[in-house]
Amino acid sequence: MTAKARRKAASHKGRQAMAADLKQVRQYLDQGKGARDRLIEYLHRIQDDLGRLPAQLLVALAEELRLSQTEVFEVASFYHHFAITKEGEPAAPPLTVRVCDSVSCSLAGAEVLIEQLQLALGDGVRVQRVPCVGRCEQAPMAVVGMRPVENAGLEDVVAAVESGSHADVIPPHARDYAAYHADGGYGLLRKLSEHGDEAASERIIESLDDARLRGLGGAGFPAGHKWRIVRGHEGPRLMAVNIDEGEPGTFKDRYYLERDPHRFLEGMLIAARVVGIDSIYIYLRDEYAGVRALLERELDVLRADPPCPLPPIELRRGAGAYICGEESAMIESIEGKRGMPRLRPPYIAERGLFGRPTLVHNMETLYWVPEILEKGADWFVSHGRNGRQGLRSYSVSGRVKRPGVHLAPAGISVRELIAEYCAGMLEGHALKAYFPGGASGGILPASLGDLPLDFDTLNDYGCFIGSAAIIVLSDRDSVREQALNAMRFFAHESCGQCTPCRVGTAKAAQLMALSHWDQPLLEELCQVMEDASICGLGQAAPNPLRCAMKYFPEEF
Amino acid sequence: MPVRSEDLSQGTPFTLNSREVVALPGESLLQAAQRQGVEIPHLCHKEGLRPDGNCRACVVEIEGERVLAPSCCRAPTAGMQVKTDSERARHAQKMVLELLQSDAVEGRGYTLHSELDQWSEKLELGKPRFPGRSQPASDLSHPAISVNLDACIQCNRCLRACREEQGNDVIGYAGRSDHARIVFDLDDAMGESSCVACGECVQACPTGALMPANGVGLLPVDKQVHSVCPYCGVGCQLTYHIADNRILFVEGRDGPANNNRLCVKGRYGFDYVSHRQRLTVPLIRRDDAPKQAEMDMDFDNPLRDFREASWEEALDRAAGGLAAIRNTRGPSALAGFGSAKGSNEEAYLFQKLVRTGFETNNVDHCTRLCHASSVAALLQMIGSGAVSNPVADVSEAEVVVLIGSNPTENHPVAATFFKNAARAGKTLIVMDPRRTPIARHADHVLQFKPDTDVAMLNAIMHSVVQQGLVDDDFITRRTEGYEALKEQLADYSPESMEPICGIPAETLHEVARIFAKASGAMIFWGMGVSQHVHGTDNARCLINLALITGQIGRPGTGLHPLRGQNNVQGASDVGLIPMVYPDYQRVDNTEVRKKFEALWGQPLDPKPGLTVVEIMHAIHDGQIRGMYVMGENPAMSDPNLNHTRAALAALDHLVVQDIFMTETAHYADVILPASAFPEKTGTFTNTDRRVQLGRQALDSPGEAWQDLAIIIEMARLLGLDWNYSGPREVFNEMRQAMPSIAGITWDRLEAESAVTYPCEQEGDPGDEVIFTEQFPRDGGKALLVPASFRNADELPDQDYPLVLITGRQLEHWHTGAMTRRARVLDAIEPEAVATLHPAQMAAIGVQPGDAIRLRSRRGEVVVRARTDNGLREGQVFLPFCYHEAAANLLTNEALDPDGKIPEFKFCAVQAEPA
């Protein structure tokens with residue numbers, strides 16, 4: 001080991017921001033001014049414009065935002081939708097084709113598609129494996145630039161590449177502001193704003209309690225109770241809406257937003273009104289470019305003609321990180337940082353975004369608020385099956401005839417769901433297993449196909465319903481393979497913060513790739529991941545692995 | 001530390017492994033358990049760093065909770081049932097260690113003290129059962145630190161040390177999943193990064209992934225010695241790790257001024273002591289090598305001009321020459337320069353030697369070149385030259401003002417406290433003609449035109465008055481002279497000063513508002529304020545500002561001139577200045593003089609002596625003929641070096657006591673080889689008024705003597721009957737002469753390492769915050785003194801169109817005698833550079849790295865150019881540490897009339913390609 005040569009007189013310690021770079025980077029800020037928490041937005045603008053993030057611009061951006069260079073770098077390198085290039089490095093190909101390789105798409109032949117595309121597309125196109133893009137009902141999915149290609153075959157993707165049109169489109173059939181208005185939309189909000197008092201707010205929260213509305217992002221925390229807690233903390237209070245729908249197999253939020261964005265927005269604004277929210281941040285996953293354009297458009301219209309005074313609403317763009325669906329990671333991301341979950345306590349409701357009490361909701365939870373208030377809690381709880389109450393939006397994908405979002409009674413079993421809503425299994429396929437709640441909810445065998453699908457009902461079986469993403473596997477599928485797929489997904493998406501998850505998911509994936517699974521060692525590993533990980537990602541990551549070992553011994 | 005019963009009564013009772021225990025307020029589960037003797041493995045947690053809870057080695061089981069909890073991040077609640085050693089908790093703890101061990105490279109250790117290995121052994125972990133990871137390559141690009149991330153466990157301790165402790169912001173945690181990794185800047189090699197080599201990351205790393213370069217961390221250590229840093233005035237405590245009379249590496253110690261932190265100099269600037277150019281034998285000028293003013297010395301070959309001599313001969317010659325001048329030409333033909341690098345005991349004996357042996361007050365040191373003007377203003381207005389509040393008090397402040405100070409380079413560890421304060425949400429206001437790295441952390445940056453401090457500060461005060469934000473009660477109770485000040489400020493509206501100082505009036509109003517309204521506001525300043533012909537006026541403005549807003553006399557307020565040298569505070573305190581005896585007691589005060597005549601047992605000269613630059617003039621005038629210079633390097637540090645060097649060459653007799661052949665030694669008749677900092681014991685007073693003990697760690701090389709012994713022997717040969725057995729005895733005499741430290745005992749210093757003065761009675765705790773009730777002036781009130789704006793002595797013109805600002809660099813100390821002989825520091829900044837704004841460089845027609853010639857009316861240098869976006873066009877910055885391009889060849893010796901400090905921060909130069 002020897003020390004390096006002495007420094008040259010002209011050289012600084014590290015990089016310096018150059019005048020030209022500073023000038024260039026200012027055009028990506030907001031009217032030339034930058035806010036630290038909007039770092040990811042600026043990175044997107046550079047990435048969108050140049051197809052990459054040149055190191056010198058990151059340096060200039062750091063200087064403009066008064067951040068250290070490494071703070072910008074660690075954020076840029078955390079999110080998969082950014083491509084950093086150092087000085088002298090070749091620029092990435094101008095076009096990226098992303099192919100989803102998560103569970104539903106892998107069942108539908110993603111691996112073959114990826115191989116074909118790598119051969120068929122030349123150097124000018126980068127083919128990238130990506131985790132779930134939230135369009136599992138149309139698996140396999142490819143995304144050319146920002147343009148989704150559904151049920152993608154080689155020819156479809158090549159045609160999309162060659163078409164030169166690589167943008168997503170605004171969902172054409174969404175009920176817009178005028179239509180929503182015409183249908184009586186925002187009436188509740190206006191009424192609340194004009195005549196609402198403490199009692200009215202209390203009645204709304206009671207309605208949510210009575211409807212037993214729970215957080216539909218997956219954790220199932222009672223919504224009314226959450227509103228009460230956040231309201232109880234001293235303001236200013238903030239709200240963050242989680243539309244980072246990334247759990248493999250989940251696409252319900254996109255489904256609703258593509259159709260009726262204002263129902264969600266009204267629910268959001270009612271919540272803001274009742275809880276006393278000063279500003280709202282909507283965090284939308286980057287993969288939903290069409291929905292983003294729709295929301296931007298509709299928010300502009302809403303702001304131009306507001307039904308009542310609106311709090312500031314900022315639409316924020318994710319950047320390819322499943323972990324940002326975890327509420328505290330999302331908050332970190334909104335603050336312009338890496339999406340690393342926070343330790344609790346303190347809880348988000350008390351100290352969340354920018355250190356303020358924060359109401360965090362999944363999009364769909366808010367989506368149901370206007371209808372529950374309109375039709376009454378009794379209407380909502382009048383639904384249900386197998387002893388459960390309410391409605392659930394099941395995202396169904398895999399080996400069924402009619403995949404998609406199916407609004408069905410809470411507590412329906414997977415067999416009932418397939419038979420009544422999905423037109424049955426695909427021809428030649430028999431139900432073998434199913435993920436009841438995306439990749440993290442575990443895997444259940446067909447023999448447990450009559451369990452009611454709802455919060456709390458699957459815990460005893462080592463599973464949970466989460467976001468109600470049902471992925472149906474058939475007798476032609478290998479559970480073991482899909483468990484490995486899920487583990488690789490978690491390893492890929494682990495934020496890298498805590499040892500049990502960062503190292504644990506990687507080691508588990510390594511061990512599960514071997515022909516012989518060392519089941520006792522894997523079980524020990526599952527235990528530490530579940531017990532000692534910081535957040536739900538690491539804690540739930542063992543579920544598919546454990547289920548595979550427990551319910552499908554014949555595969556080993 | 002023993003636990004106090006009141007802490008326990010306020011503590012939280014909980015159950016730990018079935019035992020009822022009490023956690024102290026603020027304790028985490030981990031800390032409470034440790035205090036109970038219950039060991040919980042932990043890796044990402046280190047006392048002093050923010051707990052992060054990422055490694056999960058310390059997880060414990062809490063009854064009623066679904067998952068395990070990281071004990072480092074959890075506070076116990078009353079009645080909590082905690083198990084640290086349940087089967088479930090132990091399993092998780094061991095699995096975490098095993099997962100990390102799986103990724104460690106077997107048999108390739110970088111440290112003897114891997115915490116991962118230690119915990120693995122304690123928990124009797126077997127061979128890890130998981131496959132390993134693909135390992136990153138070593139990064140040996142940095143001269144001070146080796147980076148082996150194959151040993152990294154991603155615990156982020158280095159990141160927190162770099163970002164949250166030091167505020168250097170170089171280390172990041174990039175990427176995601178098992179690709180998440182420690183990076184420098186944009187994932188650059190450490191040696192190519194913006195790393196300032198503070199070494200905090202090395203100190204924080206639990207596994208040796210970051211280590212001192214060249215494998216010294218794997219060598220066995222014979223002893224550890226606790227001491228303080230020899231460089232700046234911050235006064236960081238440190239520990240030397242020593243083997244075979246050699247310092248292997250240095251670690252920060254938890255001193256009150258540094259919280260374990262160090263900077264690159266303190267950590268890596270120690271091997272100068274064993275540099276081949278160390279003086280180890282007394283030298284006497286050869287008869288065939290007459291002195292000449294031209295600087296042509298050969299550092300490697302002092303024997304060209306000198307011959308080796310015995311101590312006896314050298315001391316005889318040294319003292320004899322001085323005695324002869326004293327006896328023939330009188331005491332006023334002699335002068336002595338002591339040093340702010342020496343200990344209090346050395347400085348005290350040196351000034352006593354000059355005053356009683358030379359029989360003159362012609363004794364000064366580099367305080368004259370750094371804060372003389374600040375001290376003049378402080379003594380005049382508040383009756384004391386010392387700081388009112390320590391640096392660490394920023395934690396109590398709401399607003400922190402930094403003016404004329406580049407702390408990240410000049411007071412790097414103090415800068416960490418400023419950065420911490422900014423990070424904690426306090427308002428940091430930086431005022432400086434150069435935009436320096438601290439500006440990134442500031443809420444307001446006032447990059448005013450050089451030389452216009454008074455205009456800007458008066459405008460701020462004008463605004464304070466105008467906005468009705470003066471503290472009337474404080475002004476009435478604690479000050480005098482307000483009406484005159486108010487009247488004078490009337491002419492300084494922000495609107496009228498804006499074109500002069502270049503700061504928008506609105507900004508001046510805003511800063512006035514923020515400062516005056518703050519619950520606590522502190523002012524720190526550096527040489528940018530003091531080194532002007534109006535340095536005293538600059539300081540007066542700052543003092544006025546603090547006084548009229550009542551921002552002094554409480555925690556989190558006050559005035560703090562950041563002292564430069566490690567012992568400039570102490571050397572001044574003990575009277576190494578021409579007009580005062582120890583404790584700033586004036587030599588021209590008869591009562592005082594009588595007291596010292598009694599203490600020292602002989603009559604003393606009642607006339608104040610000459611200051612540094614005045615002494616050089618007096619040599620030219622033929623008035624001063626002989627000098628004794630201990631540890632100072634005026635042939636580099638004084639302004640207008642051609643003038644200074646000619647003066648030194650003209651002396652009849654010059655005795656230089658130093659550890660290297662300095663530029664000053666080039667002009668010596670006798671050179672006495674002395675001891676380096678780690679080779680001696682003594683007290684040093686930091687910028688916070690903290691007296692700290694530096695302890696001997698090494699033996700001196702060759703025949704070099706300890707400085708104290710040399711001074712004592714010189715005194716004897718000059719006819720003084722001195723018998724001091726060592727620093728303790730000298731310190732005890734100082735206590736008699738100095739009421740401020742009378743209460744500090746040597747034993748207490750040995751036990752506590754640091755005691756703050758005033759500490760007048762034994763047992764006094766020592767006051768961190770002073771002036772709480774009154775100011776040490778007659779009547780107890782502070783005096784407000786108006787200051788009028790005037791320009792520098794030499795303004796740019798057509799011939800010399802640029803402003804030259806001189807100063808320091810992070811890696812190099814003052815004239816470079818020590819640091820340029822420290823391997824790491826020299827490797828980082830090896831050659832002379834001047835920095836300019838890129839546009840200025842273009843205007844001159846040079847590229848970065850090209851040589852330029854800088855010329856003033858007094859001299860010229862050739863130096864390489866480097867860009868600095870923080871400068872304005874029309875400015876050049878030149879560090880004064882490079883003998884091959886000595887900045888002081890250019891500087892102007894014009895003096896501030898009160899502080900007698902030269903105008904180092906402003907003179908006119910021209911620049912051209914060389």
# chains A, B, ... in the order shown; residues from 1 in each chain; ligands from 1
call {"tool": "select_by_dssp", "arguments": {"residues": "region 299-528 of chain A", "states": "alpha helix (DSSP H)", "output": "number ranges by chain"}}
result
A: 299-304, 327-334, 363-375, 377-382, 414-421, 479-493, 499-512, 519-528
call {"tool": "residues_around", "arguments": {"residues": "Ala886 (chain B)", "least_positions_apart": "3", "cutoff": "9 Å", "atoms": "only C-alpha atoms", "output": "PDB file with N, CA and C atoms, in the first residue's frame"}}
result
ATOM      1  N   MET B 636       9.126  35.107   7.448  1.00  0.00           N
ATOM      2  CA  MET B 636       8.024  34.662   6.591  1.00  0.00           C
ATOM      3  C   MET B 636       6.720  35.341   6.970  1.00  0.00           C
ATOM      4  N   SER B 637       6.544  35.629   8.244  1.00  0.00           N
ATOM      5  CA  SER B 637       5.217  36.020   8.713  1.00  0.00           C
ATOM      6  C   SER B 637       4.999  37.523   8.754  1.00  0.00           C
ATOM      7  N   LEU B 641       8.293  41.559   3.391  1.00  0.00           N
ATOM      8  CA  LEU B 641       9.407  40.718   3.832  1.00  0.00           C
ATOM      9  C   LEU B 641      10.775  41.239   3.425  1.00  0.00           C
ATOM     10  N   THR B 815       3.566  29.656   8.533  1.00  0.00           N
ATOM     11  CA  THR B 815       4.643  29.789   7.558  1.00  0.00           C
ATOM     12  C   THR B 815       5.079  28.432   7.020  1.00  0.00           C
ATOM     13  N   ALA B 832       2.956  26.047  -4.069  1.00  0.00           N
ATOM     14  CA  ALA B 832       2.351  27.356  -3.894  1.00  0.00           C
ATOM     15  C   ALA B 832       1.305  27.626  -4.964  1.00  0.00           C
ATOM     16  N   GLU B 860       7.726  40.681  -5.469  1.00  0.00           N
ATOM     17  CA  GLU B 860       6.973  39.868  -6.409  1.00  0.00           C
ATOM     18  C   GLU B 860       7.175  38.390  -6.116  1.00  0.00           C
ATOM     19  N   VAL B 861       6.194  37.614  -6.536  1.00  0.00           N
ATOM     20  CA  VAL B 861       6.296  36.162  -6.418  1.00  0.00           C
ATOM     21  C   VAL B 861       5.759  35.538  -7.700  1.00  0.00           C
ATOM     22  N   LEU B 878      -3.762  34.645  -1.757  1.00  0.00           N
ATOM     23  CA  LEU B 878      -2.461  33.974  -1.733  1.00  0.00           C
ATOM     24  C   LEU B 878      -2.158  33.516  -0.309  1.00  0.00           C
ATOM     25  N   PRO B 879      -2.022  32.204  -0.108  1.00  0.00           N
ATOM     26  CA  PRO B 879      -1.657  31.715   1.216  1.00  0.00           C
ATOM     27  C   PRO B 879      -0.203  32.083   1.531  1.00  0.00           C
ATOM     28  N   PHE B 880       0.077  32.290   2.818  1.00  0.00           N
ATOM     29  CA  PHE B 880       1.417  32.791   3.146  1.00  0.00           C
ATOM     30  C   PHE B 880       2.366  31.706   3.653  1.00  0.00           C
ATOM     31  N   CYS B 881       2.019  30.450   3.384  1.00  0.00           N
ATOM     32  CA  CYS B 881       2.814  29.354   3.938  1.00  0.00           C
ATOM     33  C   CYS B 881       3.949  28.905   3.020  1.00  0.00           C
ATOM     34  N   TYR B 882       4.011  29.444   1.802  1.00  0.00           N
ATOM     35  CA  TYR B 882       4.956  28.896   0.832  1.00  0.00           C
ATOM     36  C   TYR B 882       6.194  29.775   0.728  1.00  0.00           C
ATOM     37  N   HIS B 883       7.323  29.254   1.176  1.00  0.00           N
ATOM     38  CA  HIS B 883       8.535  30.066   1.161  1.00  0.00           C
ATOM     39  C   HIS B 883       8.961  30.385  -0.267  1.00  0.00           C
ATOM     40  N   LEU B 889       6.098  38.928   0.815  1.00  0.00           N
ATOM     41  CA  LEU B 889       6.948  39.793  -0.001  1.00  0.00           C
ATOM     42  C   LEU B 889       6.110  40.928  -0.599  1.00  0.00           C
ATOM     43  N   LEU B 890       4.812  40.658  -0.733  1.00  0.00           N
ATOM     44  CA  LEU B 890       3.928  41.621  -1.387  1.00  0.00           C
ATOM     45  C   LEU B 890       3.214  42.536  -0.406  1.00  0.00           C
TER      46      LEU B 890
END
call {"tool": "residues_around", "arguments": {"residues": "Ala197 (chain B)", "least_positions_apart": "5", "cutoff": "9 Å", "atoms": "only C-alpha atoms", "output": "VMD selection string"}}
result
chain B and resid 142 144 to 145 263 to 265 267 to 268
call {"tool": "closest_residue", "arguments": {"among": "B:Lys122, B:His441, B:Arg695, B:Arg735", "to": "chain A", "atoms": "only C-alpha atoms"}}
result
B:His441
call {"tool": "residues_around", "arguments": {"residues": "region 186-199 of chain A", "least_positions_apart": "3", "cutoff": "8 Å", "atoms": "only C-alpha atoms", "output": "PyMOL selection string"}}
result
chain A and resi 180-181+202-203+266+269-270+273+307-308+370+374
call {"tool": "write_last_selection", "arguments": {"atoms": "N, CA, C and O atoms", "output": "PDB file, in the first residue's frame"}}
result
ATOM      1  N   TYR A 180     -67.727  15.420 -13.768  1.00  0.00           N
ATOM      2  CA  TYR A 180     -67.878  15.078 -12.355  1.00  0.00           C
ATOM      3  C   TYR A 180     -68.795  16.094 -11.677  1.00  0.00           C
ATOM      4  O   TYR A 180     -69.670  15.740 -10.886  1.00  0.00           O
ATOM      5  N   HIS A 181     -68.578  17.346 -12.007  1.00  0.00           N
ATOM      6  CA  HIS A 181     -69.414  18.424 -11.505  1.00  0.00           C
ATOM      7  C   HIS A 181     -70.866  18.207 -11.890  1.00  0.00           C
ATOM      8  O   HIS A 181     -71.780  18.302 -11.067  1.00  0.00           O
ATOM      9  N   GLU A 202     -66.974  15.704  12.887  1.00  0.00           N
ATOM     10  CA  GLU A 202     -67.085  14.544  13.776  1.00  0.00           C
ATOM     11  C   GLU A 202     -68.015  13.496  13.142  1.00  0.00           C
ATOM     12  O   GLU A 202     -67.738  12.301  13.182  1.00  0.00           O
ATOM     13  N   ARG A 203     -69.100  13.973  12.516  1.00  0.00           N
ATOM     14  CA  ARG A 203     -70.035  13.031  11.887  1.00  0.00           C
ATOM     15  C   ARG A 203     -69.369  12.287  10.729  1.00  0.00           C
ATOM     16  O   ARG A 203     -69.597  11.106  10.529  1.00  0.00           O
ATOM     17  N   GLU A 266     -61.883  14.562  -4.491  1.00  0.00           N
ATOM     18  CA  GLU A 266     -62.863  15.085  -3.539  1.00  0.00           C
ATOM     19  C   GLU A 266     -62.681  14.427  -2.174  1.00  0.00           C
ATOM     20  O   GLU A 266     -62.710  15.095  -1.143  1.00  0.00           O
ATOM     21  N   LEU A 269     -59.813  16.007  -0.499  1.00  0.00           N
ATOM     22  CA  LEU A 269     -60.059  17.361   0.003  1.00  0.00           C
ATOM     23  C   LEU A 269     -60.998  17.341   1.208  1.00  0.00           C
ATOM     24  O   LEU A 269     -60.891  18.184   2.108  1.00  0.00           O
ATOM     25  N   ILE A 270     -61.898  16.372   1.235  1.00  0.00           N
ATOM     26  CA  ILE A 270     -62.742  16.228   2.429  1.00  0.00           C
ATOM     27  C   ILE A 270     -61.867  15.865   3.628  1.00  0.00           C
ATOM     28  O   ILE A 270     -61.989  16.438   4.716  1.00  0.00           O
ATOM     29  N   ARG A 273     -59.999  18.819   4.790  1.00  0.00           N
ATOM     30  CA  ARG A 273     -60.903  19.742   5.478  1.00  0.00           C
ATOM     31  C   ARG A 273     -61.154  19.268   6.912  1.00  0.00           C
ATOM     32  O   ARG A 273     -61.044  20.030   7.869  1.00  0.00           O
ATOM     33  N   PRO A 307     -64.056  24.385  -6.106  1.00  0.00           N
ATOM     34  CA  PRO A 307     -65.365  24.346  -5.459  1.00  0.00           C
ATOM     35  C   PRO A 307     -65.335  25.027  -4.088  1.00  0.00           C
ATOM     36  O   PRO A 307     -66.360  25.376  -3.537  1.00  0.00           O
ATOM     37  N   CYS A 308     -64.140  25.177  -3.557  1.00  0.00           N
ATOM     38  CA  CYS A 308     -63.950  25.829  -2.262  1.00  0.00           C
ATOM     39  C   CYS A 308     -62.477  26.200  -2.192  1.00  0.00           C
ATOM     40  O   CYS A 308     -61.702  25.783  -3.033  1.00  0.00           O
ATOM     41  N   PRO A 370     -66.117   9.853  -0.561  1.00  0.00           N
ATOM     42  CA  PRO A 370     -67.361  10.534  -0.993  1.00  0.00           C
ATOM     43  C   PRO A 370     -68.551   9.582  -1.081  1.00  0.00           C
ATOM     44  O   PRO A 370     -69.646   9.916  -0.648  1.00  0.00           O
ATOM     45  N   GLU A 374     -71.957   9.756   0.933  1.00  0.00           N
ATOM     46  CA  GLU A 374     -73.179   9.967   0.172  1.00  0.00           C
ATOM     47  C   GLU A 374     -74.212   8.885   0.446  1.00  0.00           C
ATOM     48  O   GLU A 374     -75.371   9.162   0.739  1.00  0.00           O
TER      49      GLU A 374
END
call {"tool": "interface_residues", "arguments": {"of": "chain B", "to": "chain A", "cutoff": "6 Å", "atoms": "only C-alpha atoms", "output": "PyMOL selection string"}}
result
chain B and resi 54-55+67-68+92+141+143+169+172-178+180+185-186+192-194+214+440+827-828+848-849+866
call {"tool": "write_last_selection", "arguments": {"atoms": "N, CA and C atoms", "output": "mmCIF file, in the first residue's frame"}}
result
data_model
loop_
_atom_site.group_PDB
_atom_site.id
_atom_site.type_symbol
_atom_site.label_atom_id
_atom_site.label_comp_id
_atom_site.auth_asym_id
_atom_site.auth_seq_id
_atom_site.Cartn_x
_atom_site.Cartn_y
_atom_site.Cartn_z
ATOM 1 N N ASN B 54 -29.590 0.943 12.178
ATOM 2 C CA ASN B 54 -29.662 0.225 10.902
ATOM 3 C C ASN B 54 -29.074 -1.176 10.930
ATOM 4 N N CYS B 55 -28.126 -1.425 11.834
ATOM 5 C CA CYS B 55 -27.460 -2.734 11.744
ATOM 6 C C CYS B 55 -28.312 -3.847 12.328
ATOM 7 N N VAL B 67 -42.603 -6.993 16.631
ATOM 8 C CA VAL B 67 -41.245 -7.276 16.153
ATOM 9 C C VAL B 67 -40.237 -6.803 17.189
ATOM 10 N N LEU B 68 -38.990 -7.181 16.979
ATOM 11 C CA LEU B 68 -37.940 -6.763 17.908
ATOM 12 C C LEU B 68 -37.630 -5.286 17.693
ATOM 13 N N ALA B 92 -31.767 -13.250 16.592
ATOM 14 C CA ALA B 92 -31.675 -12.148 15.631
ATOM 15 C C ALA B 92 -30.306 -11.490 15.715
ATOM 16 N N SER B 141 -6.265 5.736 -2.998
ATOM 17 C CA SER B 141 -5.937 6.967 -3.711
ATOM 18 C C SER B 141 -5.622 8.133 -2.789
ATOM 19 N N PRO B 143 -3.673 9.996 0.359
ATOM 20 C CA PRO B 143 -2.414 9.825 1.084
ATOM 21 C C PRO B 143 -2.595 9.521 2.570
ATOM 22 N N ASP B 169 -19.642 16.473 4.599
ATOM 23 C CA ASP B 169 -20.554 16.120 3.509
ATOM 24 C C ASP B 169 -19.878 15.475 2.312
ATOM 25 N N GLY B 172 -21.284 9.589 1.190
ATOM 26 C CA GLY B 172 -22.689 9.327 0.959
ATOM 27 C C GLY B 172 -22.955 7.831 0.989
ATOM 28 N N TYR B 173 -24.226 7.485 1.041
ATOM 29 C CA TYR B 173 -24.623 6.082 0.972
ATOM 30 C C TYR B 173 -25.462 5.966 -0.291
ATOM 31 N N ALA B 174 -24.859 5.411 -1.312
ATOM 32 C CA ALA B 174 -25.473 5.451 -2.628
ATOM 33 C C ALA B 174 -26.010 4.087 -3.017
ATOM 34 N N GLY B 175 -26.822 4.112 -4.053
ATOM 35 C CA GLY B 175 -27.355 2.859 -4.573
ATOM 36 C C GLY B 175 -28.420 2.310 -3.653
ATOM 37 N N ARG B 176 -28.760 1.073 -3.898
ATOM 38 C CA ARG B 176 -29.860 0.476 -3.167
ATOM 39 C C ARG B 176 -29.597 -1.014 -3.029
ATOM 40 N N SER B 177 -30.390 -1.653 -2.234
ATOM 41 C CA SER B 177 -30.332 -3.100 -2.005
ATOM 42 C C SER B 177 -28.919 -3.505 -1.591
ATOM 43 N N ASP B 178 -28.478 -4.692 -1.995
ATOM 44 C CA ASP B 178 -27.133 -5.082 -1.562
ATOM 45 C C ASP B 178 -26.067 -4.400 -2.418
ATOM 46 N N ALA B 180 -26.056 -1.151 -2.190
ATOM 47 C CA ALA B 180 -25.914 0.095 -1.428
ATOM 48 C C ALA B 180 -24.489 0.150 -0.898
ATOM 49 N N ASP B 185 -18.317 11.743 -2.597
ATOM 50 C CA ASP B 185 -18.906 12.615 -3.624
ATOM 51 C C ASP B 185 -19.780 11.811 -4.580
ATOM 52 N N LEU B 186 -19.383 11.770 -5.843
ATOM 53 C CA LEU B 186 -20.184 11.082 -6.855
ATOM 54 C C LEU B 186 -19.590 9.697 -7.129
ATOM 55 N N GLU B 192 -9.626 11.639 -5.077
ATOM 56 C CA GLU B 192 -10.096 12.567 -6.100
ATOM 57 C C GLU B 192 -11.294 13.367 -5.604
ATOM 58 N N SER B 193 -11.734 13.059 -4.423
ATOM 59 C CA SER B 193 -12.988 13.640 -3.948
ATOM 60 C C SER B 193 -12.736 14.936 -3.192
ATOM 61 N N SER B 194 -13.803 15.518 -2.695
ATOM 62 C CA SER B 194 -13.689 16.768 -1.943
ATOM 63 C C SER B 194 -13.316 16.508 -0.482
ATOM 64 N N ASN B 214 -1.233 3.145 4.792
ATOM 65 C CA ASN B 214 0.040 2.453 4.973
ATOM 66 C C ASN B 214 0.040 1.446 6.120
ATOM 67 N N ARG B 440 -22.012 27.741 2.243
ATOM 68 C CA ARG B 440 -23.051 26.801 1.821
ATOM 69 C C ARG B 440 -24.019 26.487 2.960
ATOM 70 N N ALA B 827 1.528 16.193 0.796
ATOM 71 C CA ALA B 827 1.008 15.490 -0.383
ATOM 72 C C ALA B 827 -0.296 16.123 -0.857
ATOM 73 N N ILE B 828 -1.085 16.618 0.072
ATOM 74 C CA ILE B 828 -2.377 17.188 -0.318
ATOM 75 C C ILE B 828 -2.198 18.582 -0.923
ATOM 76 N N PRO B 848 -5.961 27.416 -15.471
ATOM 77 C CA PRO B 848 -5.652 26.809 -14.168
ATOM 78 C C PRO B 848 -4.359 25.997 -14.253
ATOM 79 N N GLY B 849 -3.504 26.181 -13.280
ATOM 80 C CA GLY B 849 -2.238 25.460 -13.256
ATOM 81 C C GLY B 849 -1.092 26.242 -13.866
ATOM 82 N N ARG B 866 -5.007 28.880 -9.428
ATOM 83 C CA ARG B 866 -6.118 27.938 -9.244
ATOM 84 C C ARG B 866 -7.404 28.764 -9.212
#
call {"tool": "residues_around", "arguments": {"residues": "Arg399 (chain A)", "least_positions_apart": "2", "cutoff": "9 Å", "atoms": "only C-alpha atoms", "output": "PyMOL selection string"}}
result
chain A and resi 104+107-108+397+401-403+424-427+429-431+471-474
call {"tool": "residues_around", "arguments": {"residues": "Asp49 (chain A)", "least_positions_apart": "4", "cutoff": "12 Å", "atoms": "only C-alpha atoms", "output": "number ranges by chain"}}
result
A: 24-25, 27-28, 42-45, 53-54, 82, 94
